[in-house]
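A.B. asks: Structure supplied as coords20.pdb; contents: PDB, C-alpha atoms and all ligand atoms.
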```pdb
ATOM      1  CA  MET A 279       2.075   3.730  24.193
ATOM      2  CA  ILE A 280       4.839   2.922  26.663
ATOM      3  CA  LEU A 281       8.416   3.492  25.504
ATOM      4  CA  SER A 282      11.597   2.097  27.023
ATOM      5  CA  GLY A 283      14.867   4.014  27.294
ATOM      6  CA  LYS A 284      16.014   2.135  24.212
ATOM      7  CA  ALA A 285      13.113   3.225  22.017
ATOM      8  CA  LYS A 286      14.033   4.025  18.421
ATOM      9  CA  VAL A 287      12.873   7.503  17.447
ATOM     10  CA  ALA A 288      12.097   8.965  14.023
ATOM     11  CA  GLY A 289       9.679  11.668  12.825
ATOM     12  CA  VAL A 290       8.580  13.997  10.065
ATOM     13  CA  MET A 291       9.884  17.540   9.495
ATOM     14  CA  GLY A 292       7.470  19.912   7.803
ATOM     15  CA  TRP A 293       6.203  23.514   7.986
ATOM     16  CA  PRO A 294       3.410  23.370   8.864
ATOM     17  CA  VAL A 295       3.444  19.744   9.912
ATOM     18  CA  GLY A 296       0.001  19.455  11.503
ATOM     19  CA  HIS A 297      -1.609  18.195   8.273
ATOM     20  CA  SER A 298       0.853  15.297   7.895
ATOM     21  CA  ARG A 299      -0.645  11.790   7.994
ATOM     22  CA  SER A 300       2.763  10.212   8.575
ATOM     23  CA  PRO A 301       2.625  10.128  12.420
ATOM     24  CA  ARG A 302      -0.713   8.294  12.247
ATOM     25  CA  LEU A 303       0.593   5.911   9.592
ATOM     26  CA  HIS A 304       3.892   5.056  11.299
ATOM     27  CA  GLY A 305       2.171   5.003  14.698
ATOM     28  CA  TYR A 306      -0.222   2.341  13.404
ATOM     29  CA  TRP A 307       2.663   0.159  12.232
ATOM     30  CA  LEU A 308       4.679   0.649  15.449
ATOM     31  CA  GLU A 309       1.714  -0.433  17.506
ATOM     32  CA  SER A 310       0.620  -3.334  15.306
ATOM     33  CA  TYR A 311       4.148  -4.778  15.076
ATOM     34  CA  GLY A 312       4.775  -4.159  18.818
ATOM     35  CA  ILE A 313       7.944  -2.130  18.198
ATOM     36  CA  ASP A 314       9.633  -0.127  20.948
ATOM     37  CA  GLY A 315       9.725   3.095  18.980
ATOM     38  CA  ALA A 316       8.124   6.465  18.306
ATOM     39  CA  TYR A 317       7.466   8.597  15.230
ATOM     40  CA  ILE A 318       6.831  12.245  15.995
ATOM     41  CA  PRO A 319       5.766  15.405  14.130
ATOM     42  CA  LEU A 320       8.566  17.984  14.028
ATOM     43  CA  ALA A 321       7.492  21.533  13.117
ATOM     44  CA  VAL A 322      10.624  22.927  11.479
ATOM     45  CA  PRO A 323      10.539  26.343   9.762
ATOM     46  CA  PRO A 324      12.364  26.742   6.438
ATOM     47  CA  ASP A 325      15.321  28.570   7.973
ATOM     48  CA  GLY A 326      15.806  25.776  10.511
ATOM     49  CA  ILE A 327      15.912  22.700   8.284
ATOM     50  CA  ALA A 328      19.710  22.393   8.016
ATOM     51  CA  GLN A 329      20.147  22.731  11.782
ATOM     52  CA  ALA A 330      17.290  20.312  12.473
ATOM     53  CA  LEU A 331      18.615  17.629  10.122
ATOM     54  CA  ARG A 332      22.139  17.971  11.526
ATOM     55  CA  ALA A 333      20.718  17.539  15.038
ATOM     56  CA  LEU A 334      19.314  14.071  14.267
ATOM     57  CA  PRO A 335      22.503  12.122  15.085
ATOM     58  CA  ALA A 336      23.209  14.267  18.161
ATOM     59  CA  LEU A 337      19.723  13.448  19.457
ATOM     60  CA  GLY A 338      20.252   9.740  18.830
ATOM     61  CA  MET A 339      17.387   9.694  16.334
ATOM     62  CA  LYS A 340      17.246   7.119  13.553
ATOM     63  CA  GLY A 341      16.183   9.626  10.893
ATOM     64  CA  CYS A 342      13.074  11.298   9.569
ATOM     65  CA  ASN A 343      10.787  12.034   6.679
ATOM     66  CA  VAL A 344      10.866  15.510   5.202
ATOM     67  CA  THR A 345       7.782  17.016   3.656
ATOM     68  CA  VAL A 346       6.653  20.348   2.201
ATOM     69  CA  PRO A 347       8.551  22.707   1.944
ATOM     70  CA  HIS A 348      11.793  20.913   2.851
ATOM     71  CA  LYS A 349      12.293  18.216   0.209
ATOM     72  CA  GLU A 350      14.579  20.231  -2.072
ATOM     73  CA  ALA A 351      16.542  21.741   0.828
ATOM     74  CA  ALA A 352      17.110  18.279   2.311
ATOM     75  CA  PHE A 353      18.462  17.191  -1.072
ATOM     76  CA  ARG A 354      21.202  19.835  -0.739
ATOM     77  CA  ILE A 355      21.945  19.196   2.943
ATOM     78  CA  VAL A 356      22.409  15.411   3.285
ATOM     79  CA  ASP A 357      25.806  13.732   2.851
ATOM     80  CA  VAL A 358      24.841  10.832   0.564
ATOM     81  CA  LEU A 359      21.987  10.470  -1.933
ATOM     82  CA  ASP A 360      20.350   7.342  -3.303
ATOM     83  CA  PRO A 361      19.936   7.145  -7.115
ATOM     84  CA  ALA A 362      16.204   7.977  -6.976
ATOM     85  CA  ALA A 363      16.785  11.152  -4.936
ATOM     86  CA  ARG A 364      19.538  12.191  -7.339
ATOM     87  CA  ARG A 365      17.203  11.875 -10.330
ATOM     88  CA  ILE A 366      14.195  13.448  -8.606
ATOM     89  CA  LYS A 367      16.357  16.206  -7.033
ATOM     90  CA  ALA A 368      14.458  15.927  -3.758
ATOM     91  CA  VAL A 369      14.698  13.911  -0.546
ATOM     92  CA  ASN A 370      11.726  12.662   1.451
ATOM     93  CA  THR A 371      13.474  10.160   3.729
ATOM     94  CA  VAL A 372      16.618  10.738   5.812
ATOM     95  CA  ILE A 373      18.527   7.941   7.511
ATOM     96  CA  VAL A 374      21.182   8.501  10.158
ATOM     97  CA  ARG A 375      24.076   6.188   9.354
ATOM     98  CA  PRO A 376      26.243   4.539  12.036
ATOM     99  CA  ASP A 377      28.990   7.148  11.546
ATOM    100  CA  GLY A 378      26.506  10.009  12.086
ATOM    101  CA  SER A 379      26.310  11.018   8.432
ATOM    102  CA  LEU A 380      22.931  11.555   6.736
ATOM    103  CA  GLU A 381      21.664   9.468   3.848
ATOM    104  CA  GLY A 382      18.903  11.035   1.739
ATOM    105  CA  ARG A 383      16.509   8.845  -0.189
ATOM    106  CA  ASN A 384      13.449   9.489  -2.269
ATOM    107  CA  THR A 385      10.768   6.829  -1.841
ATOM    108  CA  ASP A 386       7.939   8.632  -3.681
ATOM    109  CA  ALA A 387       8.737   6.848  -6.962
ATOM    110  CA  PHE A 388       8.675   3.502  -5.149
ATOM    111  CA  GLY A 389       5.353   4.444  -3.522
ATOM    112  CA  PHE A 390       3.799   5.446  -6.824
ATOM    113  CA  ALA A 391       4.985   2.272  -8.590
ATOM    114  CA  GLU A 392       3.804  -0.050  -5.803
ATOM    115  CA  ASN A 393       0.397   1.612  -5.701
ATOM    116  CA  LEU A 394      -0.004   1.368  -9.471
ATOM    117  CA  ARG A 395       1.060  -2.308  -9.523
ATOM    118  CA  GLU A 396      -1.369  -3.090  -6.729
ATOM    119  CA  GLY A 397      -4.287  -1.044  -8.100
ATOM    120  CA  ALA A 398      -3.898  -1.922 -11.791
ATOM    121  CA  PRO A 399      -2.212  -5.326 -11.940
ATOM    122  CA  ASP A 400      -3.142  -5.786 -15.611
ATOM    123  CA  TRP A 401      -1.566  -2.540 -16.803
ATOM    124  CA  GLN A 402       1.394  -3.167 -19.113
ATOM    125  CA  PRO A 403       4.001  -0.361 -19.038
ATOM    126  CA  ALA A 404       5.247  -1.248 -22.526
ATOM    127  CA  ALA A 405       1.764  -1.110 -24.063
ATOM    128  CA  GLY A 406       1.849   2.574 -24.962
ATOM    129  CA  PRO A 407       2.720   6.146 -24.002
ATOM    130  CA  ALA A 408       1.899   7.432 -20.528
ATOM    131  CA  MET A 409       0.755  10.997 -19.970
ATOM    132  CA  VAL A 410       1.699  12.873 -16.809
ATOM    133  CA  VAL A 411      -0.137  16.110 -16.085
ATOM    134  CA  GLY A 412       1.984  18.440 -13.950
ATOM    135  CA  ALA A 413       5.721  19.004 -13.601
ATOM    136  CA  GLY A 414       6.155  19.815  -9.913
ATOM    137  CA  GLY A 415       8.074  17.843  -7.296
ATOM    138  CA  ALA A 416       5.702  14.882  -7.275
ATOM    139  CA  ALA A 417       5.661  14.692 -11.086
ATOM    140  CA  ARG A 418       9.405  14.091 -11.095
ATOM    141  CA  ALA A 419       8.984  11.092  -8.795
ATOM    142  CA  VAL A 420       6.116   9.748 -10.913
ATOM    143  CA  ALA A 421       8.170  10.185 -14.100
ATOM    144  CA  VAL A 422      11.155   8.326 -12.614
ATOM    145  CA  ALA A 423       8.871   5.499 -11.499
ATOM    146  CA  LEU A 424       7.227   5.163 -14.914
ATOM    147  CA  LEU A 425      10.541   5.218 -16.806
ATOM    148  CA  ASP A 426      11.914   2.540 -14.472
ATOM    149  CA  MET A 427       8.777   0.464 -14.972
ATOM    150  CA  GLY A 428       9.476   0.462 -18.726
ATOM    151  CA  VAL A 429       7.110   3.041 -20.203
ATOM    152  CA  PRO A 430       8.386   3.605 -23.772
ATOM    153  CA  GLU A 431       7.239   7.226 -24.036
ATOM    154  CA  LEU A 432       6.348   9.639 -21.282
ATOM    155  CA  ARG A 433       4.371  12.715 -22.270
ATOM    156  CA  VAL A 434       4.542  15.561 -19.791
ATOM    157  CA  VAL A 435       2.079  18.409 -19.971
ATOM    158  CA  ASN A 436       2.234  21.322 -17.568
ATOM    159  CA  ARG A 437       0.557  24.712 -17.350
ATOM    160  CA  THR A 438       4.014  26.302 -17.111
ATOM    161  CA  ARG A 439       5.805  24.733 -20.045
ATOM    162  CA  ALA A 440       9.323  25.645 -18.864
ATOM    163  CA  LYS A 441       8.991  23.293 -15.883
ATOM    164  CA  ALA A 442       7.996  20.414 -18.147
ATOM    165  CA  GLU A 443      10.993  21.180 -20.384
ATOM    166  CA  GLU A 444      13.298  21.113 -17.370
ATOM    167  CA  LEU A 445      11.917  17.756 -16.268
ATOM    168  CA  ALA A 446      12.341  16.332 -19.775
ATOM    169  CA  ALA A 447      15.914  17.644 -20.016
ATOM    170  CA  ASP A 448      16.761  15.971 -16.693
ATOM    171  CA  LEU A 449      15.153  12.604 -17.351
ATOM    172  CA  GLY A 450      16.128  11.778 -20.911
ATOM    173  CA  ALA A 451      14.871  11.179 -24.421
ATOM    174  CA  ALA A 452      11.845   9.041 -23.509
ATOM    175  CA  VAL A 453      10.220  12.168 -22.036
ATOM    176  CA  THR A 454       8.437  14.500 -24.456
ATOM    177  CA  VAL A 455       6.724  17.787 -23.677
ATOM    178  CA  ILE A 456       3.164  18.373 -24.860
ATOM    179  CA  PRO A 457       1.774  21.929 -25.031
ATOM    180  CA  TRP A 458      -0.903  22.580 -22.402
ATOM    181  CA  GLU A 459      -3.523  23.307 -25.108
ATOM    182  CA  TRP A 460      -3.031  19.842 -26.668
ATOM    183  CA  ARG A 461      -3.458  17.841 -23.479
ATOM    184  CA  GLY A 462      -6.840  16.395 -24.497
ATOM    185  CA  ARG A 463      -5.753  15.391 -28.002
ATOM    186  CA  ALA A 464      -2.500  13.844 -26.765
ATOM    187  CA  LEU A 465      -4.503  11.251 -24.824
ATOM    188  CA  ALA A 466      -5.528   9.471 -28.047
ATOM    189  CA  ASP A 467      -3.146   6.486 -27.838
ATOM    190  CA  SER A 468      -2.240   6.662 -24.133
ATOM    191  CA  GLY A 469      -2.135   3.582 -21.929
ATOM    192  CA  LEU A 470      -1.936   5.573 -18.686
ATOM    193  CA  LEU A 471      -2.937   9.026 -17.465
ATOM    194  CA  VAL A 472      -1.591  10.454 -14.200
ATOM    195  CA  ASN A 473      -2.612  13.694 -12.530
ATOM    196  CA  THR A 474       0.197  15.110 -10.403
ATOM    197  CA  THR A 475      -1.150  18.667 -10.186
ATOM    198  CA  THR A 476      -2.965  20.073  -7.179
ATOM    199  CA  GLN A 477      -6.143  20.382  -9.268
ATOM    200  CA  GLY A 478      -8.997  18.262  -7.926
ATOM    201  CA  MET A 479      -7.808  18.554  -4.320
ATOM    202  CA  GLN A 480     -10.358  19.604  -1.728
ATOM    203  CA  GLY A 481     -10.755  23.370  -2.084
ATOM    204  CA  GLN A 482      -9.272  23.416  -5.616
ATOM    205  CA  PRO A 483     -11.129  23.336  -8.932
ATOM    206  CA  ALA A 484     -11.158  20.109 -10.937
ATOM    207  CA  LEU A 485      -8.406  19.489 -13.470
ATOM    208  CA  GLU A 486      -9.537  20.830 -16.831
ATOM    209  CA  LEU A 487      -9.004  17.866 -19.109
ATOM    210  CA  ASP A 488     -11.337  16.408 -21.719
ATOM    211  CA  LEU A 489     -11.084  12.608 -21.620
ATOM    212  CA  ALA A 490     -13.021  12.047 -24.877
ATOM    213  CA  ALA A 491      -9.919  10.863 -26.767
ATOM    214  CA  LEU A 492      -8.649   8.534 -24.018
ATOM    215  CA  PRO A 493      -8.773   4.823 -24.987
ATOM    216  CA  PRO A 494     -11.301   2.902 -22.835
ATOM    217  CA  ALA A 495      -8.645   0.501 -21.497
ATOM    218  CA  ALA A 496      -6.256   3.270 -20.382
ATOM    219  CA  VAL A 497      -5.608   3.358 -16.624
ATOM    220  CA  VAL A 498      -6.240   6.681 -14.894
ATOM    221  CA  THR A 499      -4.566   7.504 -11.600
ATOM    222  CA  ASP A 500      -4.477  10.625  -9.457
ATOM    223  CA  ILE A 501      -1.893  11.208  -6.768
ATOM    224  CA  VAL A 502      -4.251  13.617  -5.005
ATOM    225  CA  TYR A 503      -6.034  11.606  -2.297
ATOM    226  CA  THR A 504      -8.234  14.250  -0.657
ATOM    227  CA  PRO A 505     -10.851  13.429  -1.841
ATOM    228  CA  LEU A 506     -10.112   9.812  -2.642
ATOM    229  CA  LEU A 507     -12.348   9.954  -5.708
ATOM    230  CA  THR A 508     -11.198  13.164  -7.405
ATOM    231  CA  PRO A 509     -13.334  14.664 -10.187
ATOM    232  CA  LEU A 510     -10.836  13.234 -12.702
ATOM    233  CA  LEU A 511     -11.145   9.717 -11.274
ATOM    234  CA  ALA A 512     -14.939  10.033 -11.073
ATOM    235  CA  GLU A 513     -15.096  10.974 -14.758
ATOM    236  CA  ALA A 514     -12.726   8.164 -15.767
ATOM    237  CA  LYS A 515     -14.784   5.678 -13.745
ATOM    238  CA  ARG A 516     -17.970   6.895 -15.400
ATOM    239  CA  ARG A 517     -16.367   6.232 -18.813
ATOM    240  CA  GLY A 518     -15.342   2.724 -17.709
ATOM    241  CA  ASN A 519     -11.577   3.323 -17.499
ATOM    242  CA  PRO A 520      -9.752   1.433 -14.727
ATOM    243  CA  ILE A 521      -8.817   3.874 -11.929
ATOM    244  CA  VAL A 522      -6.287   3.909  -9.100
ATOM    245  CA  ASP A 523      -6.544   6.424  -6.244
ATOM    246  CA  GLY A 524      -3.580   8.202  -4.662
ATOM    247  CA  LEU A 525      -3.749   7.008  -1.058
ATOM    248  CA  GLY A 526      -1.666   3.891  -1.721
ATOM    249  CA  MET A 527       1.242   6.048  -2.921
ATOM    250  CA  LEU A 528       1.351   7.769   0.463
ATOM    251  CA  LEU A 529       1.170   4.438   2.302
ATOM    252  CA  HIS A 530       3.782   2.644   0.193
ATOM    253  CA  GLN A 531       6.307   5.514   0.141
ATOM    254  CA  ALA A 532       6.479   5.236   3.929
ATOM    255  CA  ARG A 533       7.577   1.574   3.970
ATOM    256  CA  PRO A 534      11.325   1.846   3.147
ATOM    257  CA  GLY A 535      11.857   4.553   5.792
ATOM    258  CA  PHE A 536      10.068   2.505   8.446
ATOM    259  CA  GLN A 537      12.253  -0.476   7.569
ATOM    260  CA  ALA A 538      15.468   1.577   7.803
ATOM    261  CA  TRP A 539      14.552   3.137  11.183
ATOM    262  CA  PHE A 540      12.670   0.345  12.923
ATOM    263  CA  GLY A 541      14.056  -2.806  11.263
ATOM    264  CA  LEU A 542      11.015  -4.314   9.582
ATOM    265  CA  LEU A 543       9.370  -3.772   6.190
ATOM    266  CA  PRO A 544       5.726  -3.017   7.065
ATOM    267  CA  GLN A 545       2.783  -4.024   4.917
ATOM    268  CA  VAL A 546      -0.036  -1.977   3.429
ATOM    269  CA  THR A 547      -3.319  -3.624   4.362
ATOM    270  CA  PRO A 548      -7.007  -2.719   3.958
ATOM    271  CA  ALA A 549      -7.132  -2.078   7.727
ATOM    272  CA  LEU A 550      -4.266   0.429   7.439
ATOM    273  CA  ARG A 551      -6.016   2.191   4.550
ATOM    274  CA  ARG A 552      -9.187   2.509   6.657
ATOM    275  CA  PHE A 553      -7.234   3.748   9.672
ATOM    276  CA  VAL A 554      -5.412   6.453   7.713
ATOM    277  CA  LEU A 555      -8.610   7.493   5.923
ATOM    278  CA  GLU A 556     -10.369   7.963   9.269
ATOM    279  CA  GLY A 557      -7.730  10.571  10.113
ATOM    280  CA  ILE A 558      -8.220  12.545   6.889
TER     281      ILE A 558
HETATM  282  P1  LIG A 601       4.138  21.343  -6.690
HETATM  283  O1  LIG A 601       5.593  21.024  -6.812
HETATM  284  O2  LIG A 601       3.714  22.630  -6.084
HETATM  285  O3  LIG A 601       3.504  21.238  -8.181
HETATM  286  C1  LIG A 601       2.174  21.614  -8.405
HETATM  287  C2  LIG A 601       1.767  21.258  -9.828
HETATM  288  O4  LIG A 601       0.379  21.604  -9.985
HETATM  289  C3  LIG A 601       2.537  22.022 -10.906
HETATM  290  O5  LIG A 601       2.706  21.204 -12.039
HETATM  291  C4  LIG A 601       1.584  23.186 -11.192
HETATM  292  O6  LIG A 601       1.732  23.745 -12.481
HETATM  293  C5  LIG A 601       0.253  22.478 -11.113
HETATM  294  N1  LIG A 601      -0.837  23.411 -10.905
HETATM  295  C6  LIG A 601      -1.091  24.169  -9.811
HETATM  296  N2  LIG A 601      -2.186  24.940 -10.021
HETATM  297  C7  LIG A 601      -2.631  24.667 -11.284
HETATM  298  C8  LIG A 601      -3.711  25.143 -12.085
HETATM  299  N3  LIG A 601      -4.578  26.067 -11.623
HETATM  300  N4  LIG A 601      -3.867  24.626 -13.322
HETATM  301  C9  LIG A 601      -2.998  23.703 -13.794
HETATM  302  N5  LIG A 601      -1.954  23.209 -13.093
HETATM  303  C10 LIG A 601      -1.770  23.691 -11.843
HETATM  304  O7  LIG A 601       3.371  20.228  -5.850
HETATM  305  P2  LIG A 601       3.771  18.674  -5.679
HETATM  306  O8  LIG A 601       4.620  18.521  -4.485
HETATM  307  O9  LIG A 601       4.264  18.172  -6.977
HETATM  308  O10 LIG A 601       2.346  18.042  -5.308
HETATM  309  C11 LIG A 601       1.296  17.995  -6.246
HETATM  310  C12 LIG A 601       0.103  17.244  -5.667
HETATM  311  O11 LIG A 601       0.456  15.886  -5.439
HETATM  312  C13 LIG A 601      -0.392  17.773  -4.316
HETATM  313  O12 LIG A 601      -1.797  17.726  -4.332
HETATM  314  C14 LIG A 601       0.144  16.776  -3.320
HETATM  315  O13 LIG A 601      -0.650  16.685  -2.161
HETATM  316  C15 LIG A 601       0.093  15.505  -4.121
HETATM  317  N6  LIG A 601       1.075  14.489  -3.664
HETATM  318  C16 LIG A 601       0.592  13.261  -3.325
HETATM  319  C17 LIG A 601       1.494  12.276  -2.901
HETATM  320  C18 LIG A 601       0.975  10.920  -2.505
HETATM  321  O14 LIG A 601       1.692  10.216  -1.794
HETATM  322  N7  LIG A 601      -0.196  10.509  -2.946
HETATM  323  C19 LIG A 601       2.873  12.551  -2.845
HETATM  324  C20 LIG A 601       3.313  13.831  -3.218
HETATM  325  C21 LIG A 601       2.404  14.799  -3.618
HETATM  326  P3  LIG A 601       2.673  25.054 -12.683
HETATM  327  O15 LIG A 601       4.058  24.525 -12.831
HETATM  328  O16 LIG A 601       2.143  25.665 -13.918
HETATM  329  O17 LIG A 601       2.503  25.923 -11.466
END
```
Show me this structure written as structure tokens.
C.D. replies:
Amino acid sequence: MILSGKAKVAGVMGWPVGHSRSPRLHGYWLESYGIDGAYIPLAVPPDGIAQALRALPALGMKGCNVTVPHKEAAFRIVDVLDPAARRIKAVNTVIVRPDGSLEGRNTDAFGFAENLREGAPDWQPAAGPAMVVGAGGAARAVAVALLDMGVPELRVVNRTRAKAEELAADLGAAVTVIPWEWRGRALADSGLLVNTTTQGMQGQPALELDLAALPPAAVVTDIVYTPLLTPLLAEAKRRGNPIVDGLGMLLHQARPGFQAWFGLLPQVTPALRRFVLEGI
């Protein structure tokens, strides 16, 4: 990679940041579109995030992604928020504006929606309730995406009920909270099931959820993508339910940031999926 003095520079701030796939993903696009630019990992500790974000304009950088544990802090630091970030209460994409101010966006909802549309083109949002397992940061983005896609009822079930209640209070009357013990039964008329918990990730136990009541046509998706076929997705596949893995969410959420920093909306292709998977 040869850069000119005019290269556009962006990156990802995280702590730790070594696990992030974003440099590989953006690096692939920069190279394949022949863009004079760079996307770099930025290891920023929690007590340095405000200073690091404020340094972006001074360094002439175009902006950055922010990942764990900085998404909520970035939400409080930036100058302007897009509507998605305001509803999700977290920022994953920061854009330096011409006047040096910082715009915070959240593109996780966009990434989730694009991945679901691509992976389950026949799924009809209005067909029935959707159930979201989990109420952490990612669940908020998933809930916003599903409400915007037109899901009539969103059932949220979380081990810690208070977090589900908070999410429901923030996102409106279409969101109902289901007690953790009823999660299997509540699947009975669902059109979509989404796992947003960390359960099923490499090194974590599988999500404890009995799919017996789930209608056979219901789509099952997991935002965990290591492994690609989580125990939940494997079980749903075995039952014949359509499944959508979580890698596409990661790939699609990156597109709006790339466009803002480097001037072109990049595409998610099978070759990109393979390339990112090789790095996992
Ligand atoms: P988070 O804010 O820490 O939330 C974690 C969630 O998992 C909470 O709902 C938590 O429930 C639940 N949980 C943890 N341990 C559990 C257990 N033993 N039993 C039941 N529930 C449990 O994390 P996050 O940022 O939302 O991320 C969640 C997952 O999504 C991670 O695996 C992350 O890698 C993945 N993710 C993927 C993408 C993508 O692009 N595909 C994007 C973002 C995140 P409690 O509230 O009870 O603790």
A.B. asks: Can you spell out as an MDAnalysis selection string the set of residues that the PyMOL selection byres (((chain A and resi 426-436) around 6) and not hetatm) selects in the structure I just provided?
C.D. replies: chainID A and resid 403:404 407:413 423:425 437:439 442 452:456 458
A.B. asks: Would you mind telling me which residue in A:Ala417, A:Ala464, A:Val372, A:Leu303 lies nearest to ligand LIG 601 (chain A) when using only C-alpha atoms and all ligand atoms?
C.D. replies: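 Under the stated criterion, the closest residue is A:Ala417.
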A.B. asks: Show me which residues are within 6 Å of ligand LIG 601 (chain A) counting only C-alpha atoms and all ligand atoms, and format the list as a PyMOL selection string.
C.D. replies: chain A and resi 412-417+436-438+441+474-477+501-503+524-525+527-528
A.B. asks: Between A:Gly462, A:Gly469, A:Pro548, A:Gly478, which has the minimum distance to Gln402 (chain A) (counting only C-alpha atoms)?
C.D. replies: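 Nearest to Gln402 (chain A): A:Gly469.
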A.B. asks: One decimal, Å: what's the distance from CA of Pro544 (chain A) over to CA of His304 (chain A), could you say?
C.D. replies: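 If I compute the distance from CA of Pro544 (chain A) to CA of His304 (chain A), I get 9.3 Å.
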A.B. asks: May I ask for the distance between CA of Met339 (chain A) and CA of Trp539 (chain A), given in Å to one decimal place?
C.D. replies: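 Answer for the CA of Met339 (chain A) to CA of Trp539 (chain A) separation: 8.8 Å.
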A.B. asks: Every residue with an atom at most 10 Å from (11.4, -3.8, 21.2) (file coordinates; all atoms listed in the file) is what I'm after, so could you write them as a list of chain:residue names?
C.D. replies: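 Returned residue set, sorted by chain then number, is A:Leu281, A:Ser282, A:Lys284, A:Ala285, A:Lys286, A:Leu308, A:Tyr311, A:Gly312, A:Ile313, A:Asp314, A:Gly315, A:Phe540.
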A.B. asks: Would you mind telling me which residue in A:Asp488, A:Asp357, A:Glu513, A:Glu556 lies nearest to Ser379 (chain A) when using all atoms listed in the file?
C.D. replies: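 Comparing A:Asp488, A:Asp357, A:Glu513, A:Glu556 against Ser379 (chain A), the winner is A:Asp357.
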A.B. asks: So, counting only C-alpha atoms, which residue among A:Glu486, A:Glu309, A:Glu396, A:Glu459 is closest to Val522 (chain A)?
C.D. replies: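 Of all the options, A:Glu396 lies closest to Val522 (chain A).
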A.B. asks: Write out as number ranges by chain which residues come within 12 Å of Pro509 (chain A) when counting only C-alpha atoms, dropping same-chain ones fewer than 6 positions away.
C.D. replies: A: 473, 477-480, 482-489, 498-500, 502-503, 515-516, 521, 523
A.B. asks: Tell me which protein, DNA and RNA residues are within 7 Å of Val356 (chain A), counting all atoms listed in the file, leaving out same-chain ones fewer than 3 positions away, and put them as a VMD selection string.
C.D. replies: chain A and resid 352 to 353 380 to 382
A.B. asks: Figure out the distance between CA of Ala363 (chain A) and CA of Gly557 (chain A), please, to one decimal in Å.
C.D. replies: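 Pair CA of Gly557 (chain A) / CA of Ala363 (chain A) returns 28.8 Å.
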A.B. asks: Name every residue that the PyMOL selection byres (((chain A and resi 327) around 10) and not hetatm) selects in this structure, writing the answer as a list in words with chains first and numbers rising.
C.D. replies: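 After applying the PyMOL selection byres (((chain A and resi 327) around 10) and not hetatm), what remains is Met291, Gly292, Trp293, Ala321, Val322, Pro323, Pro324, Asp325, Gly326, Ala328, Gln329, Ala330, Leu331, Arg332, Ala333, Val344, Pro347, His348, Lys349, Ala351, Ala352 and Ile355 of chain A.
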A.B. asks: Which residues fall under the PyMOL selection byres (((chain A and resi 401) around 10) and not hetatm) in this file, as a PDB file with C-alpha atoms, keeping the file's coordinate frame?
C.D. replies:
```pdb
ATOM      1  CA  LEU A 394      -0.004   1.368  -9.471  1.00  0.00           C
ATOM      2  CA  ARG A 395       1.060  -2.308  -9.523  1.00  0.00           C
ATOM      3  CA  GLY A 397      -4.287  -1.044  -8.100  1.00  0.00           C
ATOM      4  CA  ALA A 398      -3.898  -1.922 -11.791  1.00  0.00           C
ATOM      5  CA  PRO A 399      -2.212  -5.326 -11.940  1.00  0.00           C
ATOM      6  CA  ASP A 400      -3.142  -5.786 -15.611  1.00  0.00           C
ATOM      7  CA  GLN A 402       1.394  -3.167 -19.113  1.00  0.00           C
ATOM      8  CA  PRO A 403       4.001  -0.361 -19.038  1.00  0.00           C
ATOM      9  CA  ALA A 404       5.247  -1.248 -22.526  1.00  0.00           C
ATOM     10  CA  ALA A 405       1.764  -1.110 -24.063  1.00  0.00           C
ATOM     11  CA  GLY A 469      -2.135   3.582 -21.929  1.00  0.00           C
ATOM     12  CA  LEU A 470      -1.936   5.573 -18.686  1.00  0.00           C
ATOM     13  CA  ALA A 495      -8.645   0.501 -21.497  1.00  0.00           C
ATOM     14  CA  ALA A 496      -6.256   3.270 -20.382  1.00  0.00           C
ATOM     15  CA  VAL A 497      -5.608   3.358 -16.624  1.00  0.00           C
ATOM     16  CA  PRO A 520      -9.752   1.433 -14.727  1.00  0.00           C
TER      17      PRO A 520
END
```
A.B. asks: Check the smallest atom-to-atom distance from each of A:Ala538, A:Leu445, A:Cys342, A:Arg383 to Asp360 (chain A) using all atoms listed in the file, then report the winner.
C.D. replies: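 Selected residue with least distance to Asp360 (chain A): A:Arg383.
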